[in-house]
Each structure stands twice: as C-alpha cells, then as structure tokens.
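Visitor: Data: run.cif, mmCIF, C-alpha atoms.
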```cif
data_query
loop_
_atom_site.label_atom_id
_atom_site.label_comp_id
_atom_site.auth_asym_id
_atom_site.auth_seq_id
_atom_site.Cartn_x
_atom_site.Cartn_y
_atom_site.Cartn_z
CA ILE A 1 -177.67 62.25 18.04
CA LEU A 2 -178.79 65.41 16.29
CA ASN A 3 -182.45 65.55 15.41
CA VAL A 4 -183.89 67.82 12.79
CA GLU A 5 -187.66 67.83 12.93
CA GLN A 6 -189.95 69.07 10.19
CA SER A 7 -193.66 69.68 10.39
CA PRO A 8 -196.13 69.02 9.05
CA GLN A 9 -195.12 65.74 7.41
CA SER A 10 -197.42 66.46 4.47
CA LEU A 11 -199.74 69.20 3.37
CA HIS A 12 -202.43 69.58 0.71
CA VAL A 13 -203.46 73.08 -0.36
CA GLN A 14 -205.42 74.69 -3.15
CA GLU A 15 -203.79 76.80 -5.82
CA GLY A 16 -203.43 80.34 -4.56
CA ASP A 17 -203.23 79.40 -0.87
CA SER A 18 -200.26 80.55 1.14
CA THR A 19 -198.58 78.04 3.40
CA ASN A 20 -195.67 77.58 5.74
CA PHE A 21 -193.58 74.76 7.17
CA THR A 22 -191.40 74.47 10.24
CA CYS A 23 -187.92 73.08 10.74
CA SER A 24 -186.69 72.57 14.31
CA PHE A 25 -183.05 71.93 15.18
CA PRO A 26 -180.79 71.95 18.26
CA SER A 27 -180.23 75.56 19.28
CA SER A 28 -176.74 74.94 20.63
CA ASN A 29 -173.67 74.93 18.36
CA PHE A 30 -175.42 76.28 15.29
CA TYR A 31 -173.49 76.95 12.10
CA ALA A 32 -175.92 76.96 9.14
CA LEU A 33 -179.34 75.87 7.97
CA HIS A 34 -180.16 74.82 4.41
CA TRP A 35 -183.52 74.45 2.64
CA TYR A 36 -183.92 72.22 -0.43
CA ARG A 37 -186.82 71.42 -2.74
CA TRP A 38 -187.09 67.87 -4.07
CA GLU A 39 -189.50 67.29 -6.91
CA THR A 40 -190.42 63.76 -7.87
CA ALA A 41 -187.95 62.16 -10.30
CA LYS A 42 -185.56 65.10 -9.96
CA SER A 43 -182.55 65.98 -7.81
CA PRO A 44 -182.92 68.00 -4.63
CA GLU A 45 -182.45 71.66 -5.48
CA ALA A 46 -181.04 74.25 -3.10
CA LEU A 47 -183.34 77.07 -2.02
CA PHE A 48 -181.55 78.89 0.79
CA VAL A 49 -178.56 78.79 3.10
CA MET A 50 -178.92 80.80 6.29
CA THR A 51 -176.26 81.37 8.89
CA LEU A 52 -177.26 84.34 11.05
CA ASN A 53 -179.98 84.62 13.67
CA GLY A 54 -182.78 86.71 12.23
CA ASP A 55 -181.80 85.94 8.62
CA GLU A 56 -184.58 86.27 6.10
CA LYS A 57 -184.17 85.00 2.55
CA LYS A 58 -186.51 85.31 -0.42
CA LYS A 59 -186.66 83.67 -3.84
CA GLY A 60 -189.72 84.60 -5.83
CA ARG A 61 -192.80 83.49 -3.87
CA ILE A 62 -190.73 81.48 -1.38
CA SER A 63 -189.14 82.96 1.71
CA ALA A 64 -187.51 81.67 4.87
CA THR A 65 -186.70 82.95 8.32
CA LEU A 66 -184.25 81.74 10.93
CA ASN A 67 -184.24 81.83 14.73
CA THR A 68 -181.07 80.21 16.01
CA LYS A 69 -181.70 81.06 19.66
CA GLU A 70 -184.87 79.00 19.81
CA GLY A 71 -183.85 76.54 17.09
CA TYR A 72 -186.36 76.90 14.29
CA SER A 73 -186.74 78.06 10.71
CA TYR A 74 -189.93 78.75 8.78
CA LEU A 75 -190.38 78.34 5.04
CA TYR A 76 -193.23 80.33 3.50
CA ILE A 77 -194.81 79.90 0.09
CA LYS A 78 -197.08 82.71 -1.03
CA GLY A 79 -199.83 81.95 -3.55
CA SER A 80 -199.00 78.26 -4.02
CA GLN A 81 -198.95 76.93 -7.57
CA PRO A 82 -199.15 73.29 -8.74
CA GLU A 83 -195.48 73.47 -9.71
CA ASP A 84 -194.64 74.08 -6.04
CA SER A 85 -195.66 70.47 -5.33
CA ALA A 86 -192.53 68.83 -3.93
CA THR A 87 -190.86 67.67 -0.74
CA TYR A 88 -189.16 70.49 1.13
CA LEU A 89 -186.12 69.44 3.14
CA CYS A 90 -184.22 71.37 5.73
CA ALA A 91 -180.70 70.46 6.81
CA PHE A 92 -178.73 71.60 9.83
CA ILE A 93 -174.98 71.99 10.31
CA ARG A 94 -173.74 72.34 13.86
CA GLN A 95 -170.11 73.09 13.03
CA ALA A 96 -168.26 74.29 9.94
CA GLY A 97 -166.89 71.41 7.92
CA THR A 98 -169.24 68.75 9.24
CA ALA A 99 -172.01 66.99 7.35
CA LEU A 100 -175.52 68.32 6.82
CA ILE A 101 -178.14 66.52 8.87
CA PHE A 102 -181.48 66.42 7.07
CA GLY A 103 -185.01 66.33 8.39
CA LYS A 104 -187.61 63.96 6.93
CA GLY A 105 -189.12 66.72 4.86
CA THR A 106 -192.55 68.24 4.33
CA THR A 107 -194.38 67.02 1.24
CA LEU A 108 -196.54 69.70 -0.33
CA SER A 109 -199.28 68.95 -2.81
CA VAL A 110 -200.96 71.88 -4.57
CA SER A 111 -204.23 71.23 -6.38
CA SER A 112 -205.40 73.43 -9.23
CA ASP B 1 -170.15 71.25 -16.56
CA THR B 2 -173.49 69.45 -16.46
CA GLY B 3 -173.74 69.06 -12.71
CA VAL B 4 -173.41 65.97 -10.54
CA SER B 5 -173.73 62.67 -12.40
CA GLN B 6 -174.53 59.32 -10.86
CA ASP B 7 -174.38 55.90 -12.43
CA PRO B 8 -176.27 53.64 -12.64
CA ARG B 9 -179.62 55.29 -12.08
CA HIS B 10 -181.23 51.99 -11.19
CA LYS B 11 -179.77 48.72 -9.98
CA ILE B 12 -181.62 45.52 -9.17
CA THR B 13 -179.55 42.83 -7.53
CA LYS B 14 -179.96 39.63 -5.60
CA ARG B 15 -179.18 39.45 -1.92
CA GLY B 16 -175.55 38.66 -1.33
CA GLN B 17 -174.24 40.31 -4.47
CA ASN B 18 -171.87 43.28 -4.50
CA VAL B 19 -172.85 46.57 -6.11
CA THR B 20 -170.89 49.71 -6.91
CA PHE B 21 -172.19 53.20 -7.57
CA ARG B 22 -170.26 56.00 -9.19
CA CYS B 23 -170.55 59.73 -8.67
CA ASP B 24 -168.96 62.45 -10.80
CA PRO B 25 -169.16 65.76 -8.93
CA ILE B 26 -168.90 69.27 -10.32
CA SER B 27 -165.25 69.56 -11.28
CA GLU B 28 -164.28 72.50 -9.08
CA HIS B 29 -166.06 71.15 -5.99
CA ASN B 30 -163.77 69.90 -3.25
CA ARG B 31 -166.37 68.34 -0.98
CA LEU B 32 -168.33 65.21 -1.94
CA TYR B 33 -171.08 63.59 0.12
CA TRP B 34 -172.95 60.30 0.01
CA TYR B 35 -176.44 60.09 1.48
CA ARG B 36 -179.04 57.32 1.53
CA GLN B 37 -182.79 57.93 1.39
CA THR B 38 -185.52 55.43 2.11
CA LEU B 39 -189.27 55.87 1.80
CA GLY B 40 -190.66 58.39 4.25
CA GLN B 41 -187.25 59.46 5.48
CA GLY B 42 -184.96 62.35 4.72
CA PRO B 43 -181.49 61.84 3.28
CA GLU B 44 -179.36 59.96 5.82
CA PHE B 45 -175.67 60.86 5.95
CA LEU B 46 -173.25 58.09 4.99
CA THR B 47 -169.85 59.66 4.40
CA TYR B 48 -168.01 62.63 2.91
CA PHE B 49 -164.72 63.46 1.27
CA GLN B 50 -162.65 66.60 1.17
CA ASN B 51 -160.71 66.15 -2.05
CA GLU B 52 -159.42 62.57 -1.81
CA ALA B 53 -159.57 62.32 1.97
CA GLN B 54 -162.53 60.56 3.58
CA LEU B 55 -163.10 62.73 6.64
CA GLU B 56 -166.18 61.27 8.27
CA LYS B 57 -168.28 58.13 8.13
CA SER B 58 -171.64 57.64 9.76
CA ARG B 59 -171.70 55.25 12.71
CA LEU B 60 -174.65 53.66 10.95
CA LEU B 61 -172.43 52.65 8.03
CA SER B 62 -171.66 48.96 8.31
CA ASP B 63 -168.36 47.36 7.30
CA ARG B 64 -170.04 46.16 4.11
CA PHE B 65 -170.02 49.73 2.81
CA SER B 66 -166.87 51.33 1.45
CA ALA B 67 -166.30 54.54 -0.45
CA GLU B 68 -163.37 55.97 -2.31
CA ARG B 69 -162.50 59.17 -4.10
CA PRO B 70 -159.20 58.57 -5.84
CA LYS B 71 -157.42 61.72 -6.97
CA GLY B 72 -160.20 63.81 -5.53
CA SER B 73 -162.36 63.53 -8.62
CA PHE B 74 -165.10 60.91 -9.03
CA SER B 75 -166.20 58.74 -6.12
CA THR B 76 -167.42 55.18 -5.81
CA LEU B 77 -169.63 53.64 -3.15
CA GLU B 78 -169.47 49.85 -2.90
CA ILE B 79 -171.84 47.67 -0.96
CA GLN B 80 -170.68 44.11 -0.38
CA ARG B 81 -172.98 41.17 0.34
CA THR B 82 -176.10 43.25 -0.16
CA GLU B 83 -179.09 42.78 2.11
CA GLN B 84 -182.73 43.66 1.49
CA GLY B 85 -182.38 46.48 3.99
CA ASP B 86 -179.87 48.14 1.67
CA SER B 87 -182.66 48.91 -0.79
CA ALA B 88 -182.73 52.70 -1.01
CA MET B 89 -181.90 55.74 -3.12
CA TYR B 90 -178.20 56.54 -2.86
CA LEU B 91 -177.59 60.24 -3.36
CA CYS B 92 -174.32 61.93 -4.13
CA ALA B 93 -173.81 65.66 -3.67
CA SER B 94 -170.90 68.04 -4.00
CA SER B 95 -170.14 71.53 -2.78
CA LEU B 96 -167.50 74.12 -3.49
CA ASP B 97 -165.96 73.64 -0.07
CA GLY B 98 -166.89 71.88 3.12
CA SER B 99 -167.71 74.90 5.24
CA GLY B 100 -171.45 74.36 5.12
CA ALA B 101 -172.07 77.90 3.95
CA ASN B 102 -172.24 76.75 0.33
CA VAL B 103 -175.15 74.81 -1.12
CA LEU B 104 -174.97 71.18 -2.04
CA THR B 105 -175.57 70.19 -5.65
CA PHE B 106 -177.16 66.77 -5.81
CA GLY B 107 -177.10 64.10 -8.45
CA ALA B 108 -180.24 62.33 -9.57
CA GLY B 109 -179.46 59.37 -7.33
CA SER B 110 -178.92 55.65 -7.80
CA ARG B 111 -181.88 53.54 -6.78
CA LEU B 112 -180.94 50.12 -5.44
CA THR B 113 -183.40 47.25 -5.14
CA VAL B 114 -182.17 44.11 -3.41
CA LEU B 115 -184.32 41.06 -4.04
#
```
Produce structure tokens that represent the structure in this file.
Guide:
Amino acid sequence: ILNVEQSPQSLHVQEGDSTNFTCSFPSSNFYALHWYRWETAKSPEALFVMTLNGDEKKKGRISATLNTKEGYSYLYIKGSQPEDSATYLCAFIRQAGTALIFGKGTTLSVSS
Amino acid sequence: DTGVSQDPRHKITKRGQNVTFRCDPISEHNRLYWYRQTLGQGPEFLTYFQNEAQLEKSRLLSDRFSAERPKGSFSTLEIQRTEQGDSAMYLCASSLDGSGANVLTFGAGSRLTVL
C-alpha cells in the first residue's frame, strides 16, 4: 500500500506570514508528484506537476520543490493572503499510466 | 468546453437504494478518474478509464460499485444497495492522457448522503 503523508494536518497563520507544508512519499519507483489547491465549495485546482529530482516550480506567491531521492516535496506560500485559505493536496504517481494517490491534505486558514 | 461536469451535485437516498452519478469530462481528455472523499481524508482512488476501457479498480471498491464509460465520452458510477458508509463526495477528474505528467481537471463532485 502506497502512503502519501502530508504535514501539518492544519495550519492557521496571519495575513502576510509565509508558510510551508510537507508531502512525503515512497522514494522508490517515482514518476511524478502533483500539488492541488481545494477551496471550499469548489473543485480541486492543479498547482504543479513535478517529475524531476530537484525540480522547483513557482506560480505567483506559491512555489514547490521536489526531492525524489529522499521522498519529499515542500510547498511554500510567501506572504499569505486570506484567499490562500484552502486545503492543499499532494498526489504521487509511482509509474506512468497508473492512478494518482493523494495525501489527506493540509488545511490552511489565513486570518486578516 | 466548460470543464468537467458532474450530476447530480447532491443526492440523498435511503439505505438499500441504488444511485447513479454521471461525469462529463473535457472532450479531448482520454483519461477519466473516479475518486471518493470523506471528511478528514484525501481523495481515495476508485477507478479509471482510458477512453472506454476500465484499466484499474481499487481493491477497496466493493462489488456494489460499477462504473462505465461507453464510447469513451461520459462516465457513470453506480452504487447498488447503498450503505451509510457510502456517504461521501464522489469526484470525477479527467486528463489529456494517462501518463501522469498532465494535470487532472476535477469536477465539482457529487455529494451522497445515505440515510
């Protein structure tokens, strides 16, 4: 059974704070890692897909890094805003063509 | 194309009844996934299709669950003899291909409540 672990489970920050979350996955047989943002009452929205060890992706104030050798990815949010409040999901694929296995997510709440 | 559509958005049913959910993926997407999400959990994989072929089903998927994707277009997920434990959000997603290097586009989900 493949386990994708995310930490912390939830996080409360003040507007303007920077924060980061962790996604851990099996380091053997890695193919790709996805990050999604899921706002309440909306559909999960793709943030990044990363496939190479050392990959770094950036989208506005959000960035992600990938370490496939040790089996983790970090998601960073710089200068958090209330609209960043959402659940952030990571998903791991061990082999091309197989299904994404999701973690439980990190729920971020940003107070103004 | 307006994205991935799911219907109905909400379904309340009594235990023992059958329910069916429909998913219309993005038209040019070959891969279609069904996931289930319960409170405090991430999306749990149920099954996926490549065009009309159902390639993988989760071992957790009981015989009461069946999915189809006739002609490789829309998909249906049927749950027979529903149980209270089936209460969940059922998410459909599609992607351009099944490689895993392309993002999934999700629908808004179908929330099932079994009384």
Visitor: Between A:Met50, A:Cys23, A:Val13, A:Ala32, single out the one closest to A:Thr98, counting only C-alpha atoms.
Guide: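 Closest to A:Thr98, using only C-alpha atoms: A:Ala32.
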Visitor: Quick one: everything within 12 Å of A:Glu56, counting only C-alpha atoms, minus sequence neighbours fewer than 5 positions away in the same chain. Send it as a ChimeraX atom specification.
Guide: /A:33,48-51,62-67,73-76
Visitor: Which is closer to chain B than all the others in A:Lys59, A:His12, A:Arg37, A:Lys42, using all atoms listed in the file?
Guide: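 Using all atoms listed in the file, chain B sits closest to A:Lys42.
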Visitor: Spell out the residues picked by the PyMOL selection byres ((chain B) within 7 of (chain A)) here, as a PyMOL selection string.
Guide: chain B and resi 40-45+98-101+103-104+106-108
Visitor: Considering all atoms listed in the file, return as a ChimeraX atom specification whatever protein or nucleic-acid residues lie within 12 Å of stretch 12-22 of chain B, sequence-local ones (same chain, fewer than 4 positions apart) excluded.
Guide: /B:4-8,32,34,64-70,73-93,107-115
Visitor: Report the distance between atom CA of A:Ser24 and atom CA of A:Glu5 in Å, rounded to one decimal place.
Guide: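 Here the two named atoms are 5.0 Å from each other.
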Visitor: Skipping near chain neighbours, those fewer than 2 positions away, what residues fall within 7 Å of stretch 52-58 of chain B using all atoms listed in the file, listed as a PyMOL selection string?
Guide: chain B and resi 45-50+60-61+69-72
Visitor: State, in Å with one decimal place, the distance from atom CA of A:Gly54 to atom CA of A:Ile77.
Guide: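 Atom CA of A:Ile77 lies at a distance of 18.4 Å from atom CA of A:Gly54.
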Visitor: What is the atom CA of B:Thr105 to atom CA of A:Glu83 distance in Å?
Guide: 20.6 Å
Visitor: Please enclose the listed atoms of stretch 32-40 of chain A in an axis-aligned box, pad each side by 6 Å, and write out the centre and the three edge lengths in Å, rounded to one decimal, as lines of an AutoDock Vina configuration file.
Guide:
```
center_x = -183.2
center_y = 70.4
center_z = 0.6
size_x = 26.5
size_y = 25.2
size_z = 29.0
```
Visitor: Mind checking which residues fall within 10 Å of A:Leu11, counting all atoms listed in the file, ignoring those fewer than 4 positions away in the same chain, and posting them as a ChimeraX atom specification?
Guide: /A:7,19-21,85,87,106-110
